[in-house]
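Engineer: Let me begin by handing over the structure; questions about it come next.
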Amino acid sequence: MESYTVHDYDVLVIGAGGAGLRAAIAAIEKGARVGVVTKSLLGKAHTVMAEGGMAAAMGNVRPEDNWKVHFRDTLKGGGMLNNWKMVENYTKEAPDRVRELEQWGAVFDRTPDGKINQRNFGGHSYPRLAHVGDRTGLELIRTLQDHAVKMGIHAHMETTIYRLLTDAGRVVGALGFNRQTGEFLVFRAKAVVLATGGLGRIYQITSNSWECTGDGFSLASMVGADLIDMEFIQFHPTGMVWPPSVMGILVTEGVRGEGGVLKNSEGKRFMFDNVPERYKGEFAETEEEAERWLQGDRSARRPPELLTRDVVARAIRKEVNEGRGSPHGGAYLDIASRRPADYIKKKLPSMYHQFMKLGNLDITKEPMEVGPTCHYVMGGVRVDPDTQATNVPGLYAAGEVAGGLHGANRLGGNSLSDLVVFGRRAGMAAAEYAAQQTGSLQVDEAQVRAYIAEALQPFNNPQGENPFALMKELRATMQKNAGIMREEGELKAQLEILANLKKRAWNTSVSGSRAYNPGWHTALDMRLMVEISEAVVLAALARKESRGGHARLDYPDPDPTFAKLNHIIRRNSDGTLSVVAEPLPEMPEEMRKVAEAKDLKELSEKVGA
Ligand SMILES: Cc1cc2nc3c(=O)[nH]c(=O)nc-3n(C[C@H](O)[C@H](O)[C@H](O)COP(=O)(O)OP(=O)(O)OC[C@H]3O[C@@H](n4cnc5c(N)ncnc54)[C@H](O)[C@@H]3O)c2cc1C
């Protein structure tokens with residue numbers, strides 16, 4: 001019989017990104033004994049990749065900024081589908097959470113008068129992003145990690161949670177395995193906080209790190225937790241599609257801002273043919289006018305390459321679909337033929353060095369091959385706006401894995417502050433819940449044994465399929481059929497593909513030992529990835545409109561009926577998933593006035609913001 005080691009905690013936090021570490025600190029402050037589990041090493045979570053900064057209405061650069069303006073901006077960006085109470089909690093608390101990081105040692109960039117500096121970002125009415133150069137995520141993690149270790153977290157690194165454990169409908173821990181040794185671990189916990197991040201890896205092209213396989217969404221759903229608005233996924237238009245070593249990595253909008261142009265395989269600048277009606281007259285109509293704008297001529301209009309992210313992404317997809325794409329399914333982004341090499345190296349140093357080092361691609365000499373890259377998921381595990389509790393007792397969620405705050409689309413910078421506001425709330429609530437649970441914890445031995453047998457099954461299945469091939473198929477088909485632009489036929493086809501992949505994911509074969517076996521890890525990841533992919537596709541099929549991060553070719557406009565509905569993805573007793581449309585929570589009149597203020601003047605006059 002397989003052996004396993006048992007660890008006992010009051011609160012088990014799954015994930016050591018910004019949300020997980022902040023939750024762990026809050027739970028320890030409440031007196032809980034806390035364990036933190038992470039698939040990678042401490043300090044290596046996806047959060048370290050965040051660059052631009054964390055949004056908080058501190059008013060350091062523009063004193064007019066305050067939580068009400070941030071509240072309105074966030075709801076506007078989210079197409080008003082956000083949970084208004086979460087947005088209120090978030091915008092009110094974010095400034096305190098940033099100041100707290102500073103007290104714990106984070107070295108933010110400064111204004112000339114010594115305050116934390118704040119920068120502009122899309123969708124924010126005022127400069128609002130506290131930042132540390134272009135490595136804010138790294139500083140956030142460094143600070144939280146130092147603090148958490150000092151406070152006494154027990155960290156289980158290179159450990160993957162495979163299943164949550166339940167007893168009488170309540171979460172009582174988790175089963176995992178050490179990735180290095182293959183040893184099984186049972187965590188008995190009075191409360192569990194999921195902080196497992198996003199799901200970008202279900203797509204072929206993604207800016208997300210290898211850890212973002214969407215495990216938390218599936219783990220939660222498999223024990224009966226509701227998910228919300230899984231159709232809303234943010235795609236950035238210019239991720240690298242080639243070479244493989246840099247696939248998905250973001251190419252900053254700055255490349256286009258410095259004169260980089262998008263071309264198809266025929267060498268044509270296709271963005272001039274893709275200016276939507278609502279932007280007509282606002283963008284340059286000739287290459288000559290676009291160049292004048294880039295040279296600072298205020299009478300000229302901006303190049304169409306600088307249209308909004310969704311428009312650019314859609315145009316690239318159209319070129320690819322109509323046979324004019326680059327060899328690897330994208331378009332060419334060319335700065336090499338437009339600007340001298342020295343200029344590119346000076347203005348875009350990180351881009352130049354990154355692609356040179358990682359992809360042996362010299363962007364001063366060759367064009368880049370780019371296409372839409374999956375960047376962020378707005379949907380997630382449905383939580384209580386005050387406590388981050390899910391509908392399953394003992395289970396909490398925070399960070400990118402939790403849904404509700406961002407509605408249909410997230411504003412840049414609103415994730416890092418989400419992590420610390422709601423990580424803290426989740427940790428506090430989980431510790432309070434744990435303190436109320438008296439008596440010793442029981443986990444069901446039979447449940448543990450069954451999950452271990454299930455996890456080891458690929459080693460005893462010599463005729464099974466190759467898990468890497470299955471993963472490749474999943475990611476390619478999700479990219480094609482449920483990516484940036486969706487339509488009913490493709491989504492339905494994807495559901496059939498997923499039904500088939502789901503069966504095959506339980507019939508994989510791996511060889512070798514359990515010690516650091518990537519084939520085995522992939523086989524187990526696949527089981528969770530097909531589950532969450534299905535939730536995304538079902539929700540995308542149900543939303544017959546285009547809004548925020550969800551764009552339908554067959555329903556290209558927003559529909560007022562859907563403007564009032566969230567989609568809840570619920571697991572039925574037979575294990576299948578259903579999508580239930582639910583009216584948005586009622587917003588009180590005084591908050592509605594803030595959210596619906598026509599402009600900043602009205603906001604200031606009518607609501608005193
Ligand atoms: C290139 C890039 C730049 C970005 N820039 C910004 C920015 O400037 N500002 C901003 O606000 N947002 C930004 N974002 C978004 C932001 O970085 C993420 O949304 C955020 O970091 C997610 O944090 P998290 O704590 O929820 O999860 P993560 O940081 O993803 O951490 C998840 C943790 O869970 C662990 N885990 C997952 N599954 C399991 C499992 N089964 N068992 C055990 N452990 C598990 C992982 O190992 C990891 O430790 C950016 C994203 C990208 C890709």
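Ordering of the structure tokens sets the chain letters (A, B, ...), residue numbers begin anew at 1 in every chain, and ligands are numbered from 1 in the order given.
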Taking only C-alpha atoms and all ligand atoms into account, report as JSON, numbers by chain which residues have an atom no farther than 7 Å from an atom of ligand 1.
Structural biologist: {"A": [14, 15, 16, 17, 18, 19, 20, 37, 38, 39, 40, 45, 46, 47, 48, 49, 50, 51, 52, 53, 54, 55, 136, 137, 159, 160, 161, 162, 195, 196, 197, 198, 207, 208, 211, 212, 213, 214, 215, 216, 250, 375, 376, 398, 399, 400, 401, 412, 413, 414, 415, 416, 417, 419]}
Engineer: Skip Tyr516 of chain A itself and residues of its chain fewer than 4 positions away, then list as a PyMOL selection string all residues within 10 Å of it, counting only C-alpha atoms.
Structural biologist: chain A and resi 158+178-182+512+520-521
Engineer: Where in segment 331-576 of chain A does DSSP assign helix (DSSP H, G or I), given as a PyMOL selection string?
Structural biologist: chain A and resi 341-347+349-359+399-401+414-436+445-460+467-481+488-505+518-542+562-564
Engineer: Would you pick out the contacts of Asn500 of chain A at 12 Å or less, using only C-alpha atoms, so that residues sharing its chain but fewer than 4 positions from it are not included, and give the list as a PyMOL selection string?
Structural biologist: chain A and resi 470+473-474+493-496+504-507+530-531+534
Engineer: What are the closest atom pairs, with distances in Å to one decimal, for each residue of segment 35-140 of chain A lying within 8 Å of segment 584-598 of chain A, using only C-alpha atoms, rows by chain and rising residue number, as a tab-separated table?
Structural biologist:
residue	atom	partner	partner_atom	distance
A:Lys68	CA	A:Val594	CA	6.6
A:Val69	CA	A:Val594	CA	7.9
A:Phe71	CA	A:Ala595	CA	6.9
A:Arg72	CA	A:Ala595	CA	4.6
A:Leu75	CA	A:Ala595	CA	6.7
A:Lys76	CA	A:Ala595	CA	7.6
A:Leu81	CA	A:Leu584	CA	7.1
A:Asn83	CA	A:Pro585	CA	7.0
A:Trp84	CA	A:Met587	CA	6.7
Engineer: Next, the residues of the selection above should be written as a PDB file, in the first residue's frame with all heavy atoms.
Structural biologist:
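Below is the file again.pdb, written as the result:
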ATOM      1  N   LYS A  68     -13.705  56.615  -4.839  1.00  0.00           N
ATOM      2  CA  LYS A  68     -14.929  56.660  -5.656  1.00  0.00           C
ATOM      3  C   LYS A  68     -14.589  56.704  -7.156  1.00  0.00           C
ATOM      4  O   LYS A  68     -15.263  56.084  -7.978  1.00  0.00           O
ATOM      5  CB  LYS A  68     -15.771  57.882  -5.280  1.00  0.00           C
ATOM      6  CG  LYS A  68     -16.472  57.713  -3.940  1.00  0.00           C
ATOM      7  CD  LYS A  68     -17.341  58.896  -3.625  1.00  0.00           C
ATOM      8  CE  LYS A  68     -17.916  58.752  -2.235  1.00  0.00           C
ATOM      9  NZ  LYS A  68     -18.579  59.959  -1.759  1.00  0.00           N
ATOM     10  N   VAL A  69     -13.539  57.449  -7.489  1.00  0.00           N
ATOM     11  CA  VAL A  69     -13.134  57.511  -8.908  1.00  0.00           C
ATOM     12  C   VAL A  69     -12.619  56.129  -9.341  1.00  0.00           C
ATOM     13  O   VAL A  69     -12.942  55.638 -10.428  1.00  0.00           O
ATOM     14  CB  VAL A  69     -12.046  58.596  -9.135  1.00  0.00           C
ATOM     15  CG1 VAL A  69     -11.806  58.788 -10.623  1.00  0.00           C
ATOM     16  CG2 VAL A  69     -12.436  59.918  -8.501  1.00  0.00           C
ATOM     17  N   PHE A  71     -13.502  53.299  -8.033  1.00  0.00           N
ATOM     18  CA  PHE A  71     -14.710  52.450  -8.064  1.00  0.00           C
ATOM     19  C   PHE A  71     -15.394  52.580  -9.425  1.00  0.00           C
ATOM     20  O   PHE A  71     -15.711  51.580 -10.086  1.00  0.00           O
ATOM     21  CB  PHE A  71     -15.643  52.916  -6.935  1.00  0.00           C
ATOM     22  CG  PHE A  71     -16.951  52.176  -6.826  1.00  0.00           C
ATOM     23  CD1 PHE A  71     -17.050  51.001  -6.101  1.00  0.00           C
ATOM     24  CD2 PHE A  71     -18.106  52.682  -7.429  1.00  0.00           C
ATOM     25  CE1 PHE A  71     -18.264  50.335  -5.979  1.00  0.00           C
ATOM     26  CE2 PHE A  71     -19.323  52.017  -7.314  1.00  0.00           C
ATOM     27  CZ  PHE A  71     -19.405  50.843  -6.586  1.00  0.00           C
ATOM     28  N   ARG A  72     -15.581  53.830  -9.853  1.00  0.00           N
ATOM     29  CA  ARG A  72     -16.261  54.071 -11.140  1.00  0.00           C
ATOM     30  C   ARG A  72     -15.419  53.521 -12.304  1.00  0.00           C
ATOM     31  O   ARG A  72     -15.939  52.844 -13.190  1.00  0.00           O
ATOM     32  CB  ARG A  72     -16.508  55.577 -11.313  1.00  0.00           C
ATOM     33  CG  ARG A  72     -17.107  55.955 -12.657  1.00  0.00           C
ATOM     34  CD  ARG A  72     -17.383  57.455 -12.680  1.00  0.00           C
ATOM     35  NE  ARG A  72     -17.755  57.916 -14.008  1.00  0.00           N
ATOM     36  CZ  ARG A  72     -16.891  58.285 -14.945  1.00  0.00           C
ATOM     37  NH1 ARG A  72     -15.591  58.238 -14.690  1.00  0.00           N
ATOM     38  NH2 ARG A  72     -17.315  58.699 -16.124  1.00  0.00           N
ATOM     39  N   LEU A  75     -15.641  49.628 -12.438  1.00  0.00           N
ATOM     40  CA  LEU A  75     -16.929  49.120 -12.931  1.00  0.00           C
ATOM     41  C   LEU A  75     -17.099  49.406 -14.418  1.00  0.00           C
ATOM     42  O   LEU A  75     -17.623  48.580 -15.163  1.00  0.00           O
ATOM     43  CB  LEU A  75     -18.079  49.745 -12.135  1.00  0.00           C
ATOM     44  CG  LEU A  75     -18.313  49.040 -10.794  1.00  0.00           C
ATOM     45  CD1 LEU A  75     -19.005  49.972  -9.819  1.00  0.00           C
ATOM     46  CD2 LEU A  75     -19.153  47.783 -10.971  1.00  0.00           C
ATOM     47  N   LYS A  76     -16.639  50.572 -14.847  1.00  0.00           N
ATOM     48  CA  LYS A  76     -16.740  50.922 -16.261  1.00  0.00           C
ATOM     49  C   LYS A  76     -15.899  49.929 -17.084  1.00  0.00           C
ATOM     50  O   LYS A  76     -16.370  49.374 -18.075  1.00  0.00           O
ATOM     51  CB  LYS A  76     -16.207  52.357 -16.446  1.00  0.00           C
ATOM     52  CG  LYS A  76     -16.778  53.053 -17.632  1.00  0.00           C
ATOM     53  CD  LYS A  76     -16.381  54.522 -17.591  1.00  0.00           C
ATOM     54  CE  LYS A  76     -16.429  55.054 -19.005  1.00  0.00           C
ATOM     55  NZ  LYS A  76     -15.584  56.194 -19.225  1.00  0.00           N
ATOM     56  N   LEU A  81     -20.377  44.404 -14.863  1.00  0.00           N
ATOM     57  CA  LEU A  81     -20.725  43.047 -14.402  1.00  0.00           C
ATOM     58  C   LEU A  81     -19.997  42.688 -13.112  1.00  0.00           C
ATOM     59  O   LEU A  81     -20.195  41.613 -12.542  1.00  0.00           O
ATOM     60  CB  LEU A  81     -20.359  42.011 -15.472  1.00  0.00           C
ATOM     61  CG  LEU A  81     -21.227  41.995 -16.732  1.00  0.00           C
ATOM     62  CD1 LEU A  81     -20.910  40.768 -17.570  1.00  0.00           C
ATOM     63  CD2 LEU A  81     -22.706  42.000 -16.406  1.00  0.00           C
ATOM     64  N   ASN A  83     -18.880  42.499  -9.191  1.00  0.00           N
ATOM     65  CA  ASN A  83     -19.604  42.473  -7.923  1.00  0.00           C
ATOM     66  C   ASN A  83     -19.308  43.815  -7.234  1.00  0.00           C
ATOM     67  O   ASN A  83     -18.170  44.070  -6.815  1.00  0.00           O
ATOM     68  CB  ASN A  83     -19.106  41.307  -7.069  1.00  0.00           C
ATOM     69  CG  ASN A  83     -19.799  41.239  -5.738  1.00  0.00           C
ATOM     70  OD1 ASN A  83     -19.765  42.185  -4.956  1.00  0.00           O
ATOM     71  ND2 ASN A  83     -20.431  40.116  -5.471  1.00  0.00           N
ATOM     72  N   TRP A  84     -20.326  44.676  -7.156  1.00  0.00           N
ATOM     73  CA  TRP A  84     -20.069  46.057  -6.703  1.00  0.00           C
ATOM     74  C   TRP A  84     -19.490  46.100  -5.292  1.00  0.00           C
ATOM     75  O   TRP A  84     -18.661  46.967  -4.977  1.00  0.00           O
ATOM     76  CB  TRP A  84     -21.347  46.907  -6.776  1.00  0.00           C
ATOM     77  CG  TRP A  84     -22.380  46.523  -5.757  1.00  0.00           C
ATOM     78  CD1 TRP A  84     -23.413  45.657  -5.924  1.00  0.00           C
ATOM     79  CD2 TRP A  84     -22.452  46.974  -4.398  1.00  0.00           C
ATOM     80  NE1 TRP A  84     -24.112  45.524  -4.757  1.00  0.00           N
ATOM     81  CE2 TRP A  84     -23.551  46.320  -3.803  1.00  0.00           C
ATOM     82  CE3 TRP A  84     -21.698  47.848  -3.620  1.00  0.00           C
ATOM     83  CZ2 TRP A  84     -23.920  46.519  -2.474  1.00  0.00           C
ATOM     84  CZ3 TRP A  84     -22.065  48.047  -2.286  1.00  0.00           C
ATOM     85  CH2 TRP A  84     -23.152  47.395  -1.731  1.00  0.00           C
TER      86      TRP A  84
END
Engineer: Find the residue from A:Glu282, A:Lys150, A:Pro127, A:Val186 that sits nearest to Glu445 of chain A; use only C-alpha atoms when measuring.
Structural biologist: A:Val186
Engineer: Check the smallest atom-to-atom distance from each of A:Asp559, A:Ala23, A:Val381, A:Ala168 to His147 of chain A using only C-alpha atoms, then report the winner.
Structural biologist: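 Once distances to His147 of chain A are computed over only C-alpha atoms, the minimum belongs to A:Ala23.
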Engineer: Applying 8 Å and only C-alpha atoms, which residues near segment 345-361 of chain A remain after dropping the ones on its own chain fewer than 5 positions away? List them as a ChimeraX atom specification.
Structural biologist: /A:243-246,251-252,254-255,258,366
Engineer: Could you list, as a PyMOL selection string, every residue within 10 Å of Ser337 of chain A, counting only C-alpha atoms and ignoring same-chain residues fewer than 6 positions away?
Structural biologist: chain A and resi 259-261+363-367
Engineer: Rounded to one decimal in Å, what is the spacing between atom CA of Phe232 of chain A and atom CA of Gly548 of chain A?
Structural biologist: 7.1 Å
Engineer: Select from segment 309-489 of chain A everything DSSP, run on the backbone, classes as strand (DSSP E or B), then give the selection as number ranges by chain.
Structural biologist: A: 331-334, 368-377, 380-381, 389, 395-397, 402, 465, 485-486
Engineer: Write out as a PDB file with N, CA and C atoms, in the first residue's frame the residues lying within 9 Å of Gly575 of chain A, counting only C-alpha atoms and excluding same-chain residues fewer than 3 positions away.
Structural biologist:
ATOM      1  N   MET A 222     -14.704  20.738  -8.470  1.00  0.00           N
ATOM      2  CA  MET A 222     -14.873  19.298  -8.232  1.00  0.00           C
ATOM      3  C   MET A 222     -15.427  18.990  -6.843  1.00  0.00           C
ATOM      4  N   ARG A 571     -21.649  22.579 -10.638  1.00  0.00           N
ATOM      5  CA  ARG A 571     -21.506  21.138 -10.897  1.00  0.00           C
ATOM      6  C   ARG A 571     -22.759  20.403 -10.428  1.00  0.00           C
ATOM      7  N   ASN A 572     -23.305  19.583 -11.313  1.00  0.00           N
ATOM      8  CA  ASN A 572     -24.504  18.809 -10.971  1.00  0.00           C
ATOM      9  C   ASN A 572     -24.102  17.542 -10.222  1.00  0.00           C
TER      10      ASN A 572
END
Engineer: Please tabulate, as CSV, the residues of segment 124-213 of chain A that come within 8 Å of segment 479-485 of chain A, each with its closest pair of atoms and the distance in Å to one decimal, counting only C-alpha atoms and ordering rows by chain, then residue number upward.
Structural biologist:
residue,atom,partner,partner_atom,distance
A:Tyr203,CA,A:Gln479,CA,5.2
A:Gln204,CA,A:Gln479,CA,5.8
A:Ile205,CA,A:Gln479,CA,7.4
Engineer: Nearest to Arg314 of chain A: which of A:His550, A:Arg292, A:Arg142, A:Lys544 is it, counting only C-alpha atoms?
Structural biologist: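 So, comparing all the options, the nearest one is A:His550.
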